[in-house]
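Peer 1: Enclosed is the structure file entry29.txt (compact mmCIF, C-alpha atoms).
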```
# COMPACT_ATOMS: atom_id res chain seq x y z
CA MET A 1 9.58 -35.36 18.80
CA ALA A 2 8.54 -32.25 16.85
CA ARG A 3 9.82 -31.95 13.29
CA THR A 4 11.80 -28.89 12.34
CA LYS A 5 10.57 -26.75 9.47
CA GLU A 6 12.34 -27.60 6.25
CA PHE A 7 11.61 -24.21 4.72
CA ASP A 8 12.07 -20.56 5.61
CA PRO A 9 8.67 -19.20 6.75
CA ASP A 10 9.75 -15.64 5.96
CA ALA A 11 10.75 -16.54 2.41
CA ALA A 12 7.48 -18.48 1.99
CA LEU A 13 5.49 -15.47 3.20
CA ARG A 14 7.29 -13.19 0.73
CA ALA A 15 6.57 -15.66 -2.07
CA ALA A 16 2.89 -15.82 -1.05
CA LEU A 17 2.76 -12.02 -1.02
CA GLU A 18 4.12 -11.89 -4.57
CA LEU A 19 1.62 -14.47 -5.81
CA PHE A 20 -1.37 -12.82 -4.12
CA TRP A 21 -0.20 -9.41 -5.37
CA GLN A 22 -0.03 -10.69 -8.95
CA ARG A 23 -3.24 -12.74 -8.98
CA GLY A 24 -5.42 -11.51 -6.13
CA PHE A 25 -7.09 -13.58 -3.44
CA GLU A 26 -9.84 -15.24 -5.46
CA LEU A 27 -7.66 -16.24 -8.41
CA THR A 28 -5.00 -17.82 -6.18
CA SER A 29 -5.80 -21.38 -5.17
CA MET A 30 -4.14 -23.46 -2.48
CA SER A 31 -2.67 -25.56 -5.29
CA ASP A 32 -1.13 -22.39 -6.74
CA LEU A 33 0.35 -21.56 -3.35
CA VAL A 34 1.77 -25.07 -2.90
CA ALA A 35 3.43 -24.89 -6.33
CA HIS A 36 4.69 -21.31 -5.95
CA LEU A 37 5.98 -21.67 -2.39
CA GLY A 38 7.43 -25.12 -3.00
CA ILE A 39 6.10 -26.48 0.28
CA GLY A 40 3.32 -28.89 1.12
CA ARG A 41 -0.25 -27.92 1.84
CA ALA A 42 0.00 -29.29 5.40
CA SER A 43 3.06 -27.10 6.04
CA ILE A 44 1.22 -24.04 4.77
CA TYR A 45 -1.74 -24.73 7.05
CA ALA A 46 0.50 -25.52 10.06
CA THR A 47 2.59 -22.38 9.62
CA PHE A 48 0.16 -19.78 8.27
CA GLY A 49 -3.36 -21.14 8.67
CA ASN A 50 -5.83 -21.21 5.80
CA LYS A 51 -5.55 -19.25 2.55
CA ARG A 52 -7.33 -16.21 3.99
CA GLU A 53 -5.06 -16.12 7.05
CA LEU A 54 -2.02 -16.41 4.80
CA TYR A 55 -3.34 -13.56 2.65
CA LEU A 56 -3.84 -11.33 5.71
CA LYS A 57 -0.31 -12.13 6.92
CA ALA A 58 1.02 -11.24 3.46
CA LEU A 59 -0.91 -7.96 3.61
CA GLU A 60 0.62 -7.19 6.99
CA ARG A 61 4.10 -7.92 5.59
CA TYR A 62 3.41 -5.59 2.65
CA GLU A 63 2.32 -2.81 5.01
CA GLN A 64 5.45 -3.17 7.14
CA GLY A 65 7.53 -2.12 4.16
CA LEU A 66 5.50 1.00 3.43
CA LEU A 67 5.03 3.12 6.52
CA PRO A 68 8.67 3.40 7.70
CA ASP A 69 9.70 4.84 4.32
CA MET A 70 6.86 7.37 4.39
CA LEU A 71 7.57 8.38 7.98
CA GLN A 72 11.21 8.94 7.16
CA GLU A 73 10.39 10.91 4.02
CA LEU A 74 7.83 13.16 5.69
CA ALA A 75 9.51 13.62 9.07
CA ARG A 76 12.77 15.11 7.84
CA PRO A 77 13.66 18.39 9.56
CA GLY A 78 13.09 21.55 7.59
CA PRO A 79 10.38 22.30 5.06
CA ALA A 80 7.56 19.72 5.03
CA LEU A 81 5.91 20.31 1.66
CA PRO A 82 8.84 18.99 -0.42
CA GLY A 83 8.39 15.61 1.31
CA VAL A 84 4.64 15.61 0.63
CA ARG A 85 5.24 16.51 -3.01
CA ALA A 86 7.92 13.82 -3.34
CA LEU A 87 5.59 11.21 -1.86
CA VAL A 88 2.75 12.04 -4.28
CA ARG A 89 5.14 12.03 -7.23
CA ARG A 90 6.62 8.72 -6.06
CA TYR A 91 3.14 7.16 -5.97
CA ALA A 92 2.45 8.49 -9.48
CA ALA A 93 5.76 7.17 -10.81
CA GLU A 94 5.25 3.75 -9.21
CA ALA A 95 1.67 3.57 -10.49
CA THR A 96 2.91 3.92 -14.07
CA ALA A 97 6.21 2.00 -13.79
CA ASP A 98 6.37 -0.93 -16.17
CA ASP A 99 7.45 -3.40 -13.48
CA LEU A 100 4.52 -2.49 -11.16
CA ARG A 101 1.86 -1.57 -13.71
CA GLY A 102 -0.91 -4.12 -13.68
CA ARG A 103 -0.26 -5.12 -10.07
CA GLY A 104 -1.27 -1.88 -8.40
CA CYS A 105 -0.98 -1.52 -4.64
CA PHE A 106 -1.61 -4.60 -2.51
CA VAL A 107 -3.61 -2.55 0.02
CA THR A 108 -5.71 -0.93 -2.71
CA ASN A 109 -6.27 -4.32 -4.34
CA THR A 110 -7.41 -5.70 -0.99
CA ALA A 111 -9.76 -2.75 -0.55
CA ALA A 112 -11.41 -3.52 -3.88
CA GLU A 113 -11.44 -7.32 -3.69
CA LEU A 114 -11.88 -8.32 -0.05
CA ALA A 115 -12.78 -5.34 2.15
CA PRO A 116 -16.42 -5.09 1.01
CA HIS A 117 -17.20 -8.56 2.41
CA ASP A 118 -14.34 -9.42 4.78
CA PRO A 119 -14.33 -7.43 8.05
CA ALA A 120 -10.75 -8.40 8.94
CA ALA A 121 -9.45 -7.26 5.55
CA ALA A 122 -11.50 -4.06 5.83
CA ARG A 123 -9.96 -3.33 9.25
CA ARG A 124 -6.46 -3.84 7.86
CA VAL A 125 -7.16 -1.53 4.93
CA GLU A 126 -8.67 1.12 7.22
CA ARG A 127 -5.69 0.85 9.58
CA ASN A 128 -3.32 1.38 6.67
CA TRP A 129 -5.30 4.36 5.41
CA ASP A 130 -5.53 5.82 8.93
CA GLN A 131 -1.74 5.61 9.25
CA LEU A 132 -1.12 7.18 5.86
CA GLU A 133 -3.64 9.94 6.60
CA ALA A 134 -2.00 10.61 9.99
CA VAL A 135 1.47 10.86 8.44
CA LEU A 136 0.22 13.25 5.76
CA HIS A 137 -1.79 15.26 8.29
CA ALA A 138 1.23 15.70 10.58
CA ALA A 139 3.38 16.86 7.65
CA LEU A 140 0.72 19.32 6.50
CA VAL A 141 0.22 20.70 10.03
CA ARG A 142 3.98 21.23 10.20
CA ALA A 143 3.93 22.87 6.75
CA ARG A 144 1.19 25.27 7.82
CA SER A 145 2.96 26.13 11.09
CA GLN A 146 6.16 26.85 9.11
CA GLY A 147 4.32 29.12 6.68
CA GLU A 148 4.68 26.78 3.69
CA LEU A 149 0.93 26.19 3.49
CA PRO A 150 -1.55 29.07 3.59
CA ALA A 151 -3.17 29.52 7.02
CA ASP A 152 -6.68 29.03 5.60
CA ARG A 153 -5.91 25.49 4.38
CA ASP A 154 -7.27 22.58 6.43
CA PRO A 155 -4.42 20.06 6.90
CA LEU A 156 -6.81 17.21 7.76
CA ALA A 157 -9.00 17.79 4.70
CA LEU A 158 -5.90 18.04 2.50
CA ALA A 159 -4.47 14.84 4.01
CA ARG A 160 -7.73 13.04 3.26
CA MET A 161 -7.80 14.38 -0.29
CA LEU A 162 -4.22 13.19 -0.81
CA LEU A 163 -5.03 9.77 0.65
CA VAL A 164 -7.90 9.35 -1.82
CA LEU A 165 -5.73 10.66 -4.65
CA LEU A 166 -2.91 8.23 -3.83
CA GLN A 167 -5.28 5.27 -3.82
CA GLY A 168 -6.86 6.49 -7.05
CA LEU A 169 -3.45 6.85 -8.68
CA ARG A 170 -2.79 3.20 -7.92
CA VAL A 171 -6.11 2.08 -9.40
CA VAL A 172 -5.84 4.18 -12.56
CA GLY A 173 -2.17 3.33 -12.99
CA LYS A 174 -3.01 -0.35 -12.79
CA ALA A 175 -5.53 -0.20 -15.62
CA SER A 176 -4.61 2.77 -17.81
CA ALA A 177 -2.23 2.67 -20.74
CA ASP A 178 -1.77 6.47 -20.49
CA PRO A 179 0.76 7.44 -17.80
CA ALA A 180 0.04 11.14 -18.41
CA ARG A 181 -3.40 10.63 -16.88
CA VAL A 182 -1.80 9.69 -13.55
CA ARG A 183 0.99 12.29 -13.68
CA ASP A 184 -1.41 15.13 -14.58
CA ALA A 185 -3.80 14.21 -11.76
CA ALA A 186 -0.93 14.17 -9.25
CA GLU A 187 0.35 17.57 -10.38
CA GLN A 188 -3.14 19.13 -10.25
CA ALA A 189 -3.60 17.86 -6.70
CA LEU A 190 -0.20 19.23 -5.70
CA ALA A 191 -1.24 22.63 -7.05
CA LEU A 192 -3.81 22.74 -4.22
CA LEU A 193 -0.92 22.97 -1.78
CA ASP A 194 0.28 26.30 -3.25
```
Any chance you could put this one into structure tokens?
Peer 2:
Amino acid sequence: MARTKEFDPDAALRAALELFWQRGFELTSMSDLVAHLGIGRASIYATFGNKRELYLKALERYEQGLLPDMLQELARPGPALPGVRALVRRYAAEATADDLRGRGCFVTNTAAELAPHDPAAARRVERNWDQLEAVLHAALVRARSQGELPADRDPLALARMLLVLLQGLRVVGKASADPARVRDAAEQALALLD
């Protein structure tokens, strides 16, 4: 007879996400995961696979919480640029917030730590960036069609610039003690939308 799980896999995945987000992939051992999740090594392997598979599942969980918020923010009827501006300012504020500073963005951290040598992680990062770029591009196309953005502006190039800016804000916010550096960069980029 099969044994029933004596833990909540969803809660364990959230706990693994938090630990990986704080420490990164390399600095998190299976022993750390066992202690932090409060479940046995065999249960971790049976439910999630190895450490890398658990990390990728945690990354997927992290991503699931991001895109719906952005879609909602940028797809509101009416003017599109206020939503774009709000998103950039939100990234800047989060990058310098005391409770998130030092952790950065889980996707950005994965891009720096795993993507250069892990094809599966690289694909997940690219997928996330493709989605973010597409959401920004759609909002900027709508802004241009509504006359909010000058007709000579390239919405795709602007979306790509904003994608790179947002990722850079997360990196600089993670390491810098000067929040003005992040805020000023965000505001200068937003000036390009005028």
Peer 1: From the set A:Gln188, A:Ser31, A:Thr110, A:Ser43, which residue has the shortest atom-to-atom contact distance to Arg123 in chain A, counting only C-alpha atoms?
Peer 2: A:Thr110
Peer 1: From the list A:Ala58, A:Val172, A:Ala143, A:Leu166, which residue is nearest Leu193 in chain A when using all atoms listed in the file?
Peer 2: A:Ala143
Peer 1: Need the neighbours of (3.8, 7.5, -8.1): which residues are at most 10 Å away, counting all atoms listed in the file, as number ranges by chain?
Peer 2: A: 86-97, 166, 169-170, 173, 182-183, 186
Peer 1: Between A:Ala185, A:Val107, A:Val84, A:Leu56, which has the minimum distance to Glu126 in chain A (counting all atoms listed in the file)?
Peer 2: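 Among the listed residues, A:Val107 lies closest to Glu126 in chain A.
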Peer 1: Rank A:Asp8, A:Asp184, A:Asp194, A:Glu18 by their smallest atom-to-atom distance to Pro150 in chain A, using only C-alpha atoms, and report the top residue only.
Peer 2: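 Checking each candidate against Pro150 in chain A, we get A:Asp194 as the closest.
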Peer 1: What does the distance from CA of Phe25 in chain A to CA of Ala122 in chain A come to in Å, to one decimal?
Peer 2: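 One can read the CA of Phe25 in chain A to CA of Ala122 in chain A distance as 14.0 Å.
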Peer 1: Which residues are close to Leu162 in chain A, i.e. within 10 Å by all atoms listed in the file, leaving aside same-chain residues fewer than 3 positions away? Reply as a list in words.
Peer 2: Val84, Val88, Leu132, Glu133, Leu136, His137, Leu156, Ala157, Leu158, Ala159, Leu165, Leu166, Gln167, Gly168, Ala186, Ala189 and Leu190 of chain A
Peer 1: Counting only C-alpha atoms, what is within 10 Å of Leu66 in chain A, bar same-chain residues fewer than 4 positions away, as a ChimeraX atom specification?
Peer 2: /A:61-62,70-71,128,132
Peer 1: Could you check the closest approach to Leu74 in chain A for each of A:Arg124, A:Arg142, A:Asp98, A:Glu6 and tell me which residue wins, using all atoms listed in the file?
Peer 2: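 Ranking A:Arg124, A:Arg142, A:Asp98, A:Glu6 by distance to Leu74 in chain A, first place goes to A:Arg142.
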Peer 1: Which residue, A:Ala42, A:Ala16, A:Gly102, A:Ala151, has the smallest gap to Ser176 in chain A when you use only C-alpha atoms?
Peer 2: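 Among A:Ala42, A:Ala16, A:Gly102, A:Ala151, it is A:Gly102 that comes nearest to Ser176 in chain A.
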Peer 1: How many Å separate CA of Arg144 in chain A from CA of Arg160 in chain A?
Peer 2: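 Going from CA of Arg144 in chain A over to CA of Arg160 in chain A, I get 15.8 Å.
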Peer 1: For Gln146 in chain A, list every protein, DNA or RNA residue within 9 Å, evaluated using all atoms listed in the file, and leave out those in the same chain fewer than 4 positions away; present the list as a list of chain:residue names.
Peer 2: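 Answer for this query is A:Gly78, A:Pro79, A:Ala80, A:Val141, A:Arg142.
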Peer 1: I need every residue sitting at most 6 Å from the point (-6.6, -1.1, -7.9) (coordinates as in the file, only C-alpha atoms considered), written as a list in words.
Peer 2: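 With a cut-off of 6 Å, the residues come to Gly104, Thr108, Asn109, Arg170 and Val171 of chain A.
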Peer 1: Write out the residues from the selection above, keeping C-alpha atoms, as a PDB file, keeping the file's coordinate frame.
Peer 2:
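Heads up, here's the output in selection-v8.pdb:
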```pdb
ATOM      1  CA  GLY A 104      -1.270  -1.880  -8.400  1.00  0.00           C
ATOM      2  CA  THR A 108      -5.710  -0.930  -2.710  1.00  0.00           C
ATOM      3  CA  ASN A 109      -6.270  -4.320  -4.340  1.00  0.00           C
ATOM      4  CA  ARG A 170      -2.790   3.200  -7.920  1.00  0.00           C
ATOM      5  CA  VAL A 171      -6.110   2.080  -9.400  1.00  0.00           C
TER       6      VAL A 171
END
```
Peer 1: What does the structure give for the distance between CA of Phe20 in chain A and CA of Leu59 in chain A, in Å to one decimal?
Peer 2: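 Those two atoms sit 9.1 Å apart.
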